[in-house]
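**Q** Starting off with a structure, shown below.
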Amino acid sequence: MKKAYLNILVLFSITFLSCEKKDAVVSNNFIHKWHSLDGQLTINSNNTFEYSRNNCISKSISKGKWIITNDTLVLNSFQPKGCYFIESFVVKPPKDTISSIVSNYSVTIKNCKPNTGYVILKNEKFYITDSLLISKISPYIYDKKLSEVYNFKRRSYK
């Protein structure tokens with residue numbers, strides 16, 4: 001009877017330890033600096049991330065927490081503190097004229113006048129293929145240039 005309990009204990013220990021190593025390897029693959037056509041994503045070892053998006057007329061940032069679910073990296077932004085424009089990770093084409101877009105923008109603090117955007121990442125999912133961090137929305141993006149906005153390549157820490 002003692003031998004059976006010992007065998008079960010050893011089996012559970014081996015199973016538990018092998019799962020831990022696999023998760024560590026997966027998360028270490030994600031911890032890196034990544035860059036896209038218009039932005040940079042830094043995945044930190046303390047389960048936080050920093051994202052910045054730059055284009056010719058504006059700059060946006062985001063900070064938050066990440067988790068690994070199976071083989072997928074999931075990003076969720078913190079609530080912004082300060083005065084920012086609110087933006088989504090997926091850039092949508094304007095429906096109206098520029099003047100109506102500017103007058104109807106969302107801000108983090110009522111009546112503030114922001115000069116930087118804050119990108120809200122809510123359950124944004126990515127997976128790794130070779131040295132690419134691929135957004136799970138990218139199969140729905142048919143324009144090559146747009147897919148380069150949402151997918152990231154490795155950049156070495158310097």
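Ligands are numbered from 1 in the order shown, chains are lettered A, B, ... in the order of the structure tokens, and residues start at 1 in each chain.
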Would you please extract all alpha helix (DSSP H) residues from segment 22-129 of chain A, as assigned by DSSP on the backbone, and give them as a PyMOL selection string?

**A** chain A and resi 22-30+98-103

**Q** Please provide the set of residues having any atom within 12 Å of Lys110 of chain A, restricted to only C-alpha atoms, with same-chain residues fewer than 6 positions apart removed, written as an NGL selection string.

**A** :A and (82-86)

**Q** Any chance you could export the current selection's N, CA and C atoms as a PDB file, in the first residue's frame?

**A**
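Final file, again-v8.pdb:
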```
ATOM      1  N   GLY A  82      -4.050  60.040 -16.129  1.00  0.00           N
ATOM      2  CA  GLY A  82      -3.638  61.243 -16.837  1.00  0.00           C
ATOM      3  C   GLY A  82      -4.597  61.538 -17.980  1.00  0.00           C
ATOM      4  N   CYS A  83      -4.250  62.533 -18.762  1.00  0.00           N
ATOM      5  CA  CYS A  83      -5.100  63.023 -19.855  1.00  0.00           C
ATOM      6  C   CYS A  83      -4.627  62.429 -21.176  1.00  0.00           C
ATOM      7  N   TYR A  84      -5.452  61.549 -21.769  1.00  0.00           N
ATOM      8  CA  TYR A  84      -5.125  60.873 -23.029  1.00  0.00           C
ATOM      9  C   TYR A  84      -6.352  60.785 -23.915  1.00  0.00           C
ATOM     10  N   PHE A  85      -6.106  60.704 -25.236  1.00  0.00           N
ATOM     11  CA  PHE A  85      -7.133  60.248 -26.164  1.00  0.00           C
ATOM     12  C   PHE A  85      -7.275  58.753 -25.952  1.00  0.00           C
ATOM     13  N   ILE A  86      -8.457  58.196 -26.047  1.00  0.00           N
ATOM     14  CA  ILE A  86      -8.658  56.748 -25.942  1.00  0.00           C
ATOM     15  C   ILE A  86      -8.654  56.168 -27.356  1.00  0.00           C
TER      16      ILE A  86
END
```

**Q** Taking only C-alpha atoms into account, which of A:Cys56, A:Ser131, A:Asn111, A:Ile137 comes nearest His35 of chain A?

**A** A:Ser131

**Q** At a cut-off of 9 Å, using only C-alpha atoms, what residues contact Lys63 of chain A? Leave out same-chain residues fewer than 4 positions from it and give the result as a list in words.

**A**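 After dropping sequence-adjacent residues, the list is Thr48, Phe49, Glu50, Tyr51, Ser52, Asn76, Ser77, Phe78, Gln79, Pro80, Tyr118, Val119, Ile120 and Leu121 of chain A.
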